[in-house]
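Structure first, commentary second.
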Amino acid sequence: MTDSQQHYLLIINGKSAGNPALREAVDEQRRAGMLITVRATWEGGDAADIAEHSNAMGITHVIACGGDGTVSEVMNGLMRLPHDQRPVLGVVPLGSANDFATSVGLPLEPAAALAAARELSAYPIDVVRVTAGTGGETTTSYYINMTTGGFGAEVTSSTPKTLKRLLGGGAYSVMGALKAWRHRSYRGTLHWDEKEENASLLLLALGNGRQSGGGQVLSPRAKLDDGRLDVLLVKDFRSVTELTKLISELQSFPYDGRFVRYFTTTQLRLTTQEKDSPWPLTLDGEARYYDQFCAEVVPLALRVLLPEECPLLSSTSQP
């Protein structure tokens, strides 16, 4: 497809619409012949709605300009379209963490990221569908990078956005250290493959990508296109000695350690213990609370602009 056939739609988080570097990058690429339409969000849900209508506008590439939450919302909008009508997804990182962009090796500056969107190839990747509910009501949504549950989700949702911007990934470590002294465990029943297990967990992570929370690597062996969820279970600890062992196991991510378990599956379901509070979850950084959920891989659901040497692609991937 030539430049004259490509039409790029930039969906910008309204809070970043006045970003001088992004405005300059757009002007520069337009002068270079890039056909760009820009839309800014006003409130939650706008990015998904704009993305959903991109096909009717003749858009070939939808570029999410913002943080992980904006990328996720844009992707959810594209997933409302039939598979063969979904435009290619690109990313210009403007958030505080930018976990997805960082882990796949995209440029983090607006000018370089927008220029890359014009040159990079589109690779098919998996997304993860989450069907979840509380109190009998069920919703369906998708994520592209990571869902965390329990302690990790509490840290993400409770870290003030201003602090995230000031400290980047360090903000999560600060909040995590404070919470570690008065943490609670999360009980639930897990189902995957042919297995069922009652668990008391400190942290659950379901990775399509590798990192969350501003650079915390939770699924180091994940690939975006392997049709698998990388699951990290971190069991609760009761003493400083056990915490030391837990930290040690997090360096190697064993399949069946004393405190840490790491495995892959295509689907995982969790139901909380009766009378327990709903679990805190974050889907690509967005906080939710559910008492039951199911995460399942949707293989190769979306084409995304990625570097050829992206470490999260299988060696057999083809654009």
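Labeling convention for the structure tokens: chains A, B, ... as they appear, residues from 1 per chain, ligands from 1 in order of appearance.
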
Inset, instruction - Would you kindly return, as a count of residues only, each protein, DNA or RNA residue with an atom no farther than 9 Å from any atom of Ala64 in chain A, considering only C-alpha atoms and excluding same-chain residues fewer than 3 positions away? - result: 18

Inset, instruction - List the neighbours of Arg80 in chain A out to 10 Å using only C-alpha atoms; skip same-chain residues closer than 4 positions along the sequence, and give me the result as a list of chain:residue names. - result: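 Everything that qualifies: A:Ala48, A:Asp49, A:Ala51, A:Glu52, A:His53, A:Met75, A:Asn76, A:Gln85, A:Arg86, A:Ser141.
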
Legend entry - Nearest to Leu302 in chain A, chosen from A:Arg39, A:Asp46, A:His83, A:Leu108, with only C-alpha atoms counted in the distances: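 Going through A:Arg39, A:Asp46, A:His83, A:Leu108 one by one, the smallest distance to Leu302 in chain A is for A:His83.
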
Legend entry - Neighbour list for Ala25 in chain A as a VMD selection string, cut-off 12 Å, only C-alpha atoms, skip fewer than 2 positions in-chain: chain A and resid 10 19 to 23 27 to 32 34 36 65 92 109 to 117

Inset, instruction - Looking only at strand (DSSP E) from DSSP on the backbone, list the matching residues of range 6-177 of chain A as a VMD selection string. - result: chain A and resid 8 to 12 36 to 40 61 to 66 88 to 93 121 to 134 137 to 143 146 to 150

Can I get the selected residues back with C-alpha atoms, as a PDB file, in the first residue's frame?
ATOM      1  CA  TYR A   8      -4.054   7.807   9.416  1.00  0.00           C
ATOM      2  CA  LEU A   9      -6.467   8.670  12.211  1.00  0.00           C
ATOM      3  CA  LEU A  10      -4.805   9.986  15.365  1.00  0.00           C
ATOM      4  CA  ILE A  11      -6.944   9.534  18.473  1.00  0.00           C
ATOM      5  CA  ILE A  12      -5.551  11.754  21.195  1.00  0.00           C
ATOM      6  CA  ILE A  36      -3.599  12.560   8.935  1.00  0.00           C
ATOM      7  CA  THR A  37      -6.972  13.173  10.574  1.00  0.00           C
ATOM      8  CA  VAL A  38      -6.915  14.076  14.278  1.00  0.00           C
ATOM      9  CA  ARG A  39      -9.645  13.501  16.844  1.00  0.00           C
ATOM     10  CA  ALA A  40      -9.377  14.309  20.568  1.00  0.00           C
ATOM     11  CA  HIS A  61      -4.320   3.124  10.328  1.00  0.00           C
ATOM     12  CA  VAL A  62      -5.594   4.205  13.752  1.00  0.00           C
ATOM     13  CA  ILE A  63      -2.886   5.710  15.959  1.00  0.00           C
ATOM     14  CA  ALA A  64      -3.540   5.804  19.705  1.00  0.00           C
ATOM     15  CA  CYS A  65      -1.837   8.878  21.156  1.00  0.00           C
ATOM     16  CA  GLY A  66      -1.658   8.546  24.932  1.00  0.00           C
ATOM     17  CA  VAL A  88      -4.051  -1.286  11.671  1.00  0.00           C
ATOM     18  CA  LEU A  89      -3.288  -0.046  15.201  1.00  0.00           C
ATOM     19  CA  GLY A  90      -0.305   2.190  15.913  1.00  0.00           C
ATOM     20  CA  VAL A  91       0.914   3.878  19.102  1.00  0.00           C
ATOM     21  CA  VAL A  92       2.381   7.297  19.892  1.00  0.00           C
ATOM     22  CA  PRO A  93       3.184   7.097  23.643  1.00  0.00           C
ATOM     23  CA  SER A 121       5.160  -3.069   9.193  1.00  0.00           C
ATOM     24  CA  ALA A 122       1.898  -4.344  10.658  1.00  0.00           C
ATOM     25  CA  TYR A 123       2.079  -7.675  12.498  1.00  0.00           C
ATOM     26  CA  PRO A 124      -0.934  -9.755  13.595  1.00  0.00           C
ATOM     27  CA  ILE A 125      -1.059 -10.172  17.368  1.00  0.00           C
ATOM     28  CA  ASP A 126      -3.357 -11.745  19.953  1.00  0.00           C
ATOM     29  CA  VAL A 127      -5.668  -9.804  22.214  1.00  0.00           C
ATOM     30  CA  VAL A 128      -7.294 -11.110  25.386  1.00  0.00           C
ATOM     31  CA  ARG A 129     -11.049 -11.089  25.948  1.00  0.00           C
ATOM     32  CA  VAL A 130     -12.226 -10.644  29.543  1.00  0.00           C
ATOM     33  CA  THR A 131     -15.764 -11.603  30.461  1.00  0.00           C
ATOM     34  CA  ALA A 132     -16.345 -10.460  34.005  1.00  0.00           C
ATOM     35  CA  GLY A 133     -19.008  -9.443  36.454  1.00  0.00           C
ATOM     36  CA  THR A 134     -20.070  -8.315  39.884  1.00  0.00           C
ATOM     37  CA  GLU A 137     -23.995  -8.155  35.873  1.00  0.00           C
ATOM     38  CA  THR A 138     -21.509  -9.219  33.190  1.00  0.00           C
ATOM     39  CA  THR A 139     -19.383  -7.153  30.808  1.00  0.00           C
ATOM     40  CA  THR A 140     -16.956  -8.039  28.029  1.00  0.00           C
ATOM     41  CA  SER A 141     -13.808  -6.095  27.235  1.00  0.00           C
ATOM     42  CA  TYR A 142     -10.371  -6.702  25.741  1.00  0.00           C
ATOM     43  CA  TYR A 143      -6.800  -5.968  26.662  1.00  0.00           C
ATOM     44  CA  MET A 146      -1.527  -7.124  30.899  1.00  0.00           C
ATOM     45  CA  THR A 147      -4.165  -7.699  33.540  1.00  0.00           C
ATOM     46  CA  THR A 148      -3.095  -7.733  37.171  1.00  0.00           C
ATOM     47  CA  GLY A 149      -5.218  -8.745  40.138  1.00  0.00           C
ATOM     48  CA  GLY A 150      -4.910  -8.397  43.886  1.00  0.00           C
TER      49      GLY A 150
END

Legend entry - Of the listed residues A:Arg269, A:Arg221, A:Arg238, A:Arg210, that which approaches Glu196 in chain A most closely, counting only C-alpha atoms: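 Looking only at the distances to Glu196 in chain A, the closest residue turns out to be A:Arg269.
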
Inset, instruction - Extract, using only C-alpha atoms, all DNA, RNA and protein residues at most 12 Å from Trp192 in chain A, discarding same-chain residues fewer than 3 positions from it, and format them as a list in words. - result: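 Surrounding residues, per the criterion: Thr189, Lys195, Glu196, Glu197, Asn198, Arg228, Leu229, Asp230, Val231, Phe263, Thr264, Thr265, Thr266, Gln267, Leu268, Arg269, Leu270, Cys294, Ala295 and Glu296 of chain A.
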
Selection from above, N, CA and C atoms, as a compact mmCIF listing (two decimals), in the first residue's frame, can you write it?
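This is the output file out-v9.txt:
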# COMPACT_ATOMS: atom_id res chain seq x y z
N THR A 189 -11.08 -19.24 43.48
CA THR A 189 -10.93 -20.53 42.82
C THR A 189 -10.53 -20.30 41.37
N LYS A 195 -7.58 -28.07 35.12
CA LYS A 195 -7.22 -27.92 36.53
C LYS A 195 -8.17 -26.98 37.25
N GLU A 196 -8.32 -27.21 38.56
CA GLU A 196 -9.06 -26.33 39.45
C GLU A 196 -8.28 -26.22 40.74
N GLU A 197 -8.16 -25.00 41.28
CA GLU A 197 -7.34 -24.81 42.46
C GLU A 197 -7.88 -23.66 43.30
N ASN A 198 -8.03 -23.89 44.59
CA ASN A 198 -8.35 -22.81 45.52
C ASN A 198 -7.05 -22.14 45.94
N ARG A 228 -1.16 -17.76 23.58
CA ARG A 228 -1.12 -18.19 24.97
C ARG A 228 -1.15 -17.00 25.92
N LEU A 229 -1.74 -17.21 27.08
CA LEU A 229 -1.66 -16.29 28.21
C LEU A 229 -0.51 -16.75 29.11
N ASP A 230 0.35 -15.84 29.51
CA ASP A 230 1.38 -16.15 30.50
C ASP A 230 0.83 -15.77 31.87
N VAL A 231 0.73 -16.75 32.77
CA VAL A 231 0.08 -16.57 34.06
C VAL A 231 1.13 -16.57 35.17
N PHE A 263 3.06 -20.19 34.37
CA PHE A 263 2.69 -21.17 33.35
C PHE A 263 1.91 -20.47 32.25
N THR A 264 1.60 -21.19 31.19
CA THR A 264 0.81 -20.62 30.10
C THR A 264 -0.47 -21.43 29.90
N THR A 265 -1.48 -20.75 29.37
CA THR A 265 -2.75 -21.39 29.06
C THR A 265 -3.45 -20.54 28.02
N THR A 266 -4.55 -21.02 27.50
CA THR A 266 -5.34 -20.22 26.57
C THR A 266 -6.50 -19.52 27.26
N GLN A 267 -6.85 -19.98 28.46
CA GLN A 267 -7.99 -19.42 29.17
C GLN A 267 -7.83 -19.65 30.66
N LEU A 268 -8.22 -18.66 31.45
CA LEU A 268 -8.20 -18.81 32.90
C LEU A 268 -9.43 -18.13 33.49
N ARG A 269 -10.11 -18.84 34.40
CA ARG A 269 -11.28 -18.30 35.08
C ARG A 269 -10.99 -18.19 36.58
N LEU A 270 -11.57 -17.17 37.20
CA LEU A 270 -11.43 -17.00 38.64
C LEU A 270 -12.78 -16.61 39.23
N CYS A 294 -13.31 -14.29 33.42
CA CYS A 294 -12.68 -15.27 32.55
C CYS A 294 -11.85 -14.53 31.52
N ALA A 295 -10.58 -14.85 31.41
CA ALA A 295 -9.69 -14.26 30.40
C ALA A 295 -9.34 -15.34 29.39
N GLU A 296 -9.53 -15.04 28.11
CA GLU A 296 -9.21 -16.02 27.07
C GLU A 296 -8.59 -15.32 25.87
